[in-house]
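These notes are about the structure you will find just below.
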Amino acid sequence: MDWGDGRHAYALVGRSLRAQRNNDFPARTGLQPPGSDWVVALEGQPLPGLSFFTRARLDGDTLDVRRAEAGANYYSTRFSGYFRYLTDNLDISGSKRENLDLGGEFFVTKNWGVVAYGSRDLEGKSWIVRDIGVAYRDDSTRLDVIYRREDTILGRLGPNDSVLIRLTL
């Protein structure tokens with residue numbers, strides 16, 4: 001539903017139905033049985049600049065939550081920010097995942113601002129990634145210089161620090 005003044009709301013509910021089982025998909029996807037898992041999504045923007053969303057995958061038989069994500073976004077001319085919560089009972093590595101992502105930017109002047117981002121592993125009770133940086137933007141270009149600290153990386157021991165330079169045209 002779209003009210004035409006910047007407010008809207010959308011909903012989706014669905015599942016796939018087949019004549020027979022399909023073992024080409026991994027079991028964790030919920031797509032093997034003739035009746036797949038249910039997919040549910042809701043999105044709304046009650047005010048211009050403020051939006052909320054949620055998405056979930058529910059077991060096709062028991063309706064148990066297999067994966068769920070929820071979050072909010074806010075933007076204005078000088079500030080934008082978001083948060084996202086995710087829980088996944090069986091992610092691609094075969095383990096439960098639960099995390100929280102937070103990010104935002106604030107432009108002190110028309111062209112110069114600060115940016116920040118963080119991703120927290122709620123299962124492991126640790127920060128995965130933390131970013132802090134400065135940004136410059138004009139009508140056609142954006143340049144970000146970001147200091148990043150990665151604390152938990154699969155296959156790598158110890159924390160990792162880096163400086164990223166991102167140019168957007």
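Going through the structure tokens in order, the chains are called A, B, and so on, while each chain numbers its residues from 1 and the ligands are numbered from 1 in the order shown.
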Checklist line | Those in chain A with strand (DSSP E) from DSSP, as number ranges by chain | finding: A: 8-14, 38-47, 50-58, 65-75, 79-88, 97-107, 112-121, 126-137, 142-150, 160-168
Checklist line | All residues 8 Å or closer to segment 8-14 of chain A, only C-alpha atoms, same chain fewer than 6 positions away omitted, as a PyMOL selection string | finding: chain A and resi 1-2+38-46
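Distances from A:Leu122, A:Val129, A:Ala27, A:Leu100 to Glu69 of chain A were compared using only C-alpha atoms, and the smallest one belongs to A:Leu100.
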Next item on the list: Tell me which of A:Arg15, A:Arg7, A:Tyr75, A:Leu86 sits closest to Gly60 of chain A, counting only C-alpha atoms.
Entry: A:Arg15
Would you list the contacts of Gly81 of chain A as a PDB file with all heavy atoms, in the first residue's frame, taking every protein, DNA or RNA residue within 7 Å and counting only C-alpha atoms, but skipping same-chain residues closer than 3 positions in sequence?
```pdb
ATOM      1  N   ASN A  73      15.753   1.941   9.400  1.00  0.00           N
ATOM      2  CA  ASN A  73      16.617   2.883   8.701  1.00  0.00           C
ATOM      3  C   ASN A  73      16.069   4.284   8.905  1.00  0.00           C
ATOM      4  O   ASN A  73      14.851   4.487   8.910  1.00  0.00           O
ATOM      5  CB  ASN A  73      16.625   2.599   7.192  1.00  0.00           C
ATOM      6  CG  ASN A  73      17.067   1.200   6.867  1.00  0.00           C
ATOM      7  OD1 ASN A  73      18.206   0.839   7.104  1.00  0.00           O
ATOM      8  ND2 ASN A  73      16.151   0.394   6.343  1.00  0.00           N
ATOM      9  N   TYR A  74      16.978   5.237   9.064  1.00  0.00           N
ATOM     10  CA  TYR A  74      16.581   6.639   9.166  1.00  0.00           C
ATOM     11  C   TYR A  74      17.531   7.473   8.311  1.00  0.00           C
ATOM     12  O   TYR A  74      18.739   7.213   8.297  1.00  0.00           O
ATOM     13  CB  TYR A  74      16.636   7.144  10.615  1.00  0.00           C
ATOM     14  CG  TYR A  74      16.325   8.611  10.695  1.00  0.00           C
ATOM     15  CD1 TYR A  74      15.021   9.059  10.606  1.00  0.00           C
ATOM     16  CD2 TYR A  74      17.339   9.544  10.801  1.00  0.00           C
ATOM     17  CE1 TYR A  74      14.727  10.409  10.635  1.00  0.00           C
ATOM     18  CE2 TYR A  74      17.057  10.905  10.830  1.00  0.00           C
ATOM     19  CZ  TYR A  74      15.750  11.326  10.748  1.00  0.00           C
ATOM     20  OH  TYR A  74      15.463  12.664  10.763  1.00  0.00           O
ATOM     21  N   TYR A  75      16.987   8.442   7.610  1.00  0.00           N
ATOM     22  CA  TYR A  75      17.853   9.343   6.857  1.00  0.00           C
ATOM     23  C   TYR A  75      17.262  10.745   6.837  1.00  0.00           C
ATOM     24  O   TYR A  75      16.046  10.923   6.865  1.00  0.00           O
ATOM     25  CB  TYR A  75      18.095   8.849   5.425  1.00  0.00           C
ATOM     26  CG  TYR A  75      16.866   8.895   4.555  1.00  0.00           C
ATOM     27  CD1 TYR A  75      16.556  10.029   3.804  1.00  0.00           C
ATOM     28  CD2 TYR A  75      15.996   7.810   4.470  1.00  0.00           C
ATOM     29  CE1 TYR A  75      15.428  10.073   3.010  1.00  0.00           C
ATOM     30  CE2 TYR A  75      14.863   7.841   3.684  1.00  0.00           C
ATOM     31  CZ  TYR A  75      14.585   8.984   2.963  1.00  0.00           C
ATOM     32  OH  TYR A  75      13.455   9.046   2.179  1.00  0.00           O
ATOM     33  N   GLY A 103      24.978   1.204  12.108  1.00  0.00           N
ATOM     34  CA  GLY A 103      25.792   2.082  11.285  1.00  0.00           C
ATOM     35  C   GLY A 103      25.151   3.447  11.141  1.00  0.00           C
ATOM     36  O   GLY A 103      23.948   3.600  11.335  1.00  0.00           O
ATOM     37  N   GLY A 104      25.974   4.407  10.806  1.00  0.00           N
ATOM     38  CA  GLY A 104      25.424   5.732  10.600  1.00  0.00           C
ATOM     39  C   GLY A 104      26.477   6.704  10.103  1.00  0.00           C
ATOM     40  O   GLY A 104      27.668   6.398  10.067  1.00  0.00           O
ATOM     41  N   GLU A 105      26.002   7.871   9.697  1.00  0.00           N
ATOM     42  CA  GLU A 105      26.884   8.945   9.275  1.00  0.00           C
ATOM     43  C   GLU A 105      26.240  10.273   9.635  1.00  0.00           C
ATOM     44  O   GLU A 105      25.013  10.404   9.635  1.00  0.00           O
ATOM     45  CB  GLU A 105      27.190   8.869   7.783  1.00  0.00           C
ATOM     46  CG  GLU A 105      25.988   8.968   6.874  1.00  0.00           C
ATOM     47  CD  GLU A 105      26.340   8.754   5.415  1.00  0.00           C
ATOM     48  OE1 GLU A 105      27.310   8.034   5.114  1.00  0.00           O
ATOM     49  OE2 GLU A 105      25.635   9.324   4.570  1.00  0.00           O
TER      50      GLU A 105
END
```
Checklist line | Selection near Gly71 of chain A, 8 Å with only C-alpha atoms, sequence-local residues under 2 positions removed, as an MDAnalysis selection string | finding: chainID A and resid 52:54 69 73 82:85
Written selection (N, CA, C and O atoms) as a PDB file, in the first residue's frame:
```
ATOM      1  N   PHE A  52      11.008   0.669   8.554  1.00  0.00           N
ATOM      2  CA  PHE A  52      11.192  -0.540   9.340  1.00  0.00           C
ATOM      3  C   PHE A  52      11.007  -1.738   8.424  1.00  0.00           C
ATOM      4  O   PHE A  52      10.263  -1.669   7.446  1.00  0.00           O
ATOM      5  N   PHE A  53      11.664  -2.846   8.758  1.00  0.00           N
ATOM      6  CA  PHE A  53      11.470  -4.062   7.966  1.00  0.00           C
ATOM      7  C   PHE A  53      11.659  -5.289   8.853  1.00  0.00           C
ATOM      8  O   PHE A  53      12.319  -5.237   9.883  1.00  0.00           O
ATOM      9  N   THR A  54      11.058  -6.367   8.420  1.00  0.00           N
ATOM     10  CA  THR A  54      11.290  -7.667   9.040  1.00  0.00           C
ATOM     11  C   THR A  54      11.083  -8.731   7.968  1.00  0.00           C
ATOM     12  O   THR A  54      10.236  -8.585   7.089  1.00  0.00           O
ATOM     13  N   GLU A  69      15.101 -11.623  10.465  1.00  0.00           N
ATOM     14  CA  GLU A  69      15.865 -10.391  10.364  1.00  0.00           C
ATOM     15  C   GLU A  69      14.897  -9.230  10.581  1.00  0.00           C
ATOM     16  O   GLU A  69      13.772  -9.268  10.092  1.00  0.00           O
ATOM     17  N   ASN A  73      15.753   1.941   9.400  1.00  0.00           N
ATOM     18  CA  ASN A  73      16.617   2.883   8.701  1.00  0.00           C
ATOM     19  C   ASN A  73      16.069   4.284   8.905  1.00  0.00           C
ATOM     20  O   ASN A  73      14.851   4.487   8.910  1.00  0.00           O
ATOM     21  N   TYR A  82      21.166   3.187  10.743  1.00  0.00           N
ATOM     22  CA  TYR A  82      20.384   1.964  10.635  1.00  0.00           C
ATOM     23  C   TYR A  82      20.812   0.980  11.711  1.00  0.00           C
ATOM     24  O   TYR A  82      21.896   1.069  12.276  1.00  0.00           O
ATOM     25  N   PHE A  83      19.922   0.037  11.973  1.00  0.00           N
ATOM     26  CA  PHE A  83      20.294  -1.131  12.758  1.00  0.00           C
ATOM     27  C   PHE A  83      19.609  -2.337  12.138  1.00  0.00           C
ATOM     28  O   PHE A  83      18.564  -2.230  11.493  1.00  0.00           O
ATOM     29  N   ARG A  84      20.231  -3.498  12.323  1.00  0.00           N
ATOM     30  CA  ARG A  84      19.700  -4.744  11.790  1.00  0.00           C
ATOM     31  C   ARG A  84      20.030  -5.852  12.779  1.00  0.00           C
ATOM     32  O   ARG A  84      21.169  -5.973  13.229  1.00  0.00           O
ATOM     33  N   TYR A  85      19.023  -6.646  13.109  1.00  0.00           N
ATOM     34  CA  TYR A  85      19.197  -7.824  13.953  1.00  0.00           C
ATOM     35  C   TYR A  85      18.947  -9.043  13.079  1.00  0.00           C
ATOM     36  O   TYR A  85      17.992  -9.074  12.301  1.00  0.00           O
TER      37      TYR A  85
END
```
Next item on the list: Could you give me, as a list in words, the residues within 9 Å of segment 115-120 of chain A, counting only C-alpha atoms and dropping anything in the same chain fewer than 5 positions from it?
Entry: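 Answer for this query is Glu98, Asn99, Leu100, Asp101, Leu102, Gly103, Gly104, Glu105, Phe106, Phe107, Lys125, Ser126, Trp127, Ile128, Val129, Arg130, Asp131, Ile132, Gly133, Val134, Ala135, Asp144 and Ile146 of chain A.
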Margin query: Residues within 6 Å of Leu58 of chain A, please, as a ChimeraX atom specification. Count only C-alpha atoms; anything in the same chain fewer than 2 positions from it doesn't count.
Written below: /A:37-38,63-66
Note to self: To one decimal place in Å, what is the distance between atom CA of Tyr147 of chain A and atom CA of Gly49 of chain A?
What the structure shows: 27.8 Å
Checklist line | Closest of A:Trp3, A:Pro34, A:Asp88, A:Pro26 to Leu47 of chain A - atom-to-atom distances counting only C-alpha atoms | finding: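 Of A:Trp3, A:Pro34, A:Asp88, A:Pro26, the one nearest Leu47 of chain A, counting only C-alpha atoms, is A:Trp3.
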Next item on the list: Enter the distance from atom CA of Asn89 of chain A to atom CA of Gly124 of chain A, in Å, rounded to one decimal.
Entry: 14.4 Å
Notebook entry, point to check: What does the distance from atom CA of Ser76 of chain A to atom CA of Ile165 of chain A come to in Å, to one decimal?
Noted result: 24.3 Å
Item checked: Nearest to Arg149 of chain A, chosen from A:Ala68, A:Val163, A:Val108, A:Ala19, with only C-alpha atoms counted in the distances ->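 That would be A:Val163, the residue with the smallest distance to Arg149 of chain A.
Using only C-alpha atoms, the shortest contact distance between Arg55 of chain A and any of A:Arg142, A:Arg78, A:Arg148, A:Arg67 is found at A:Arg67.
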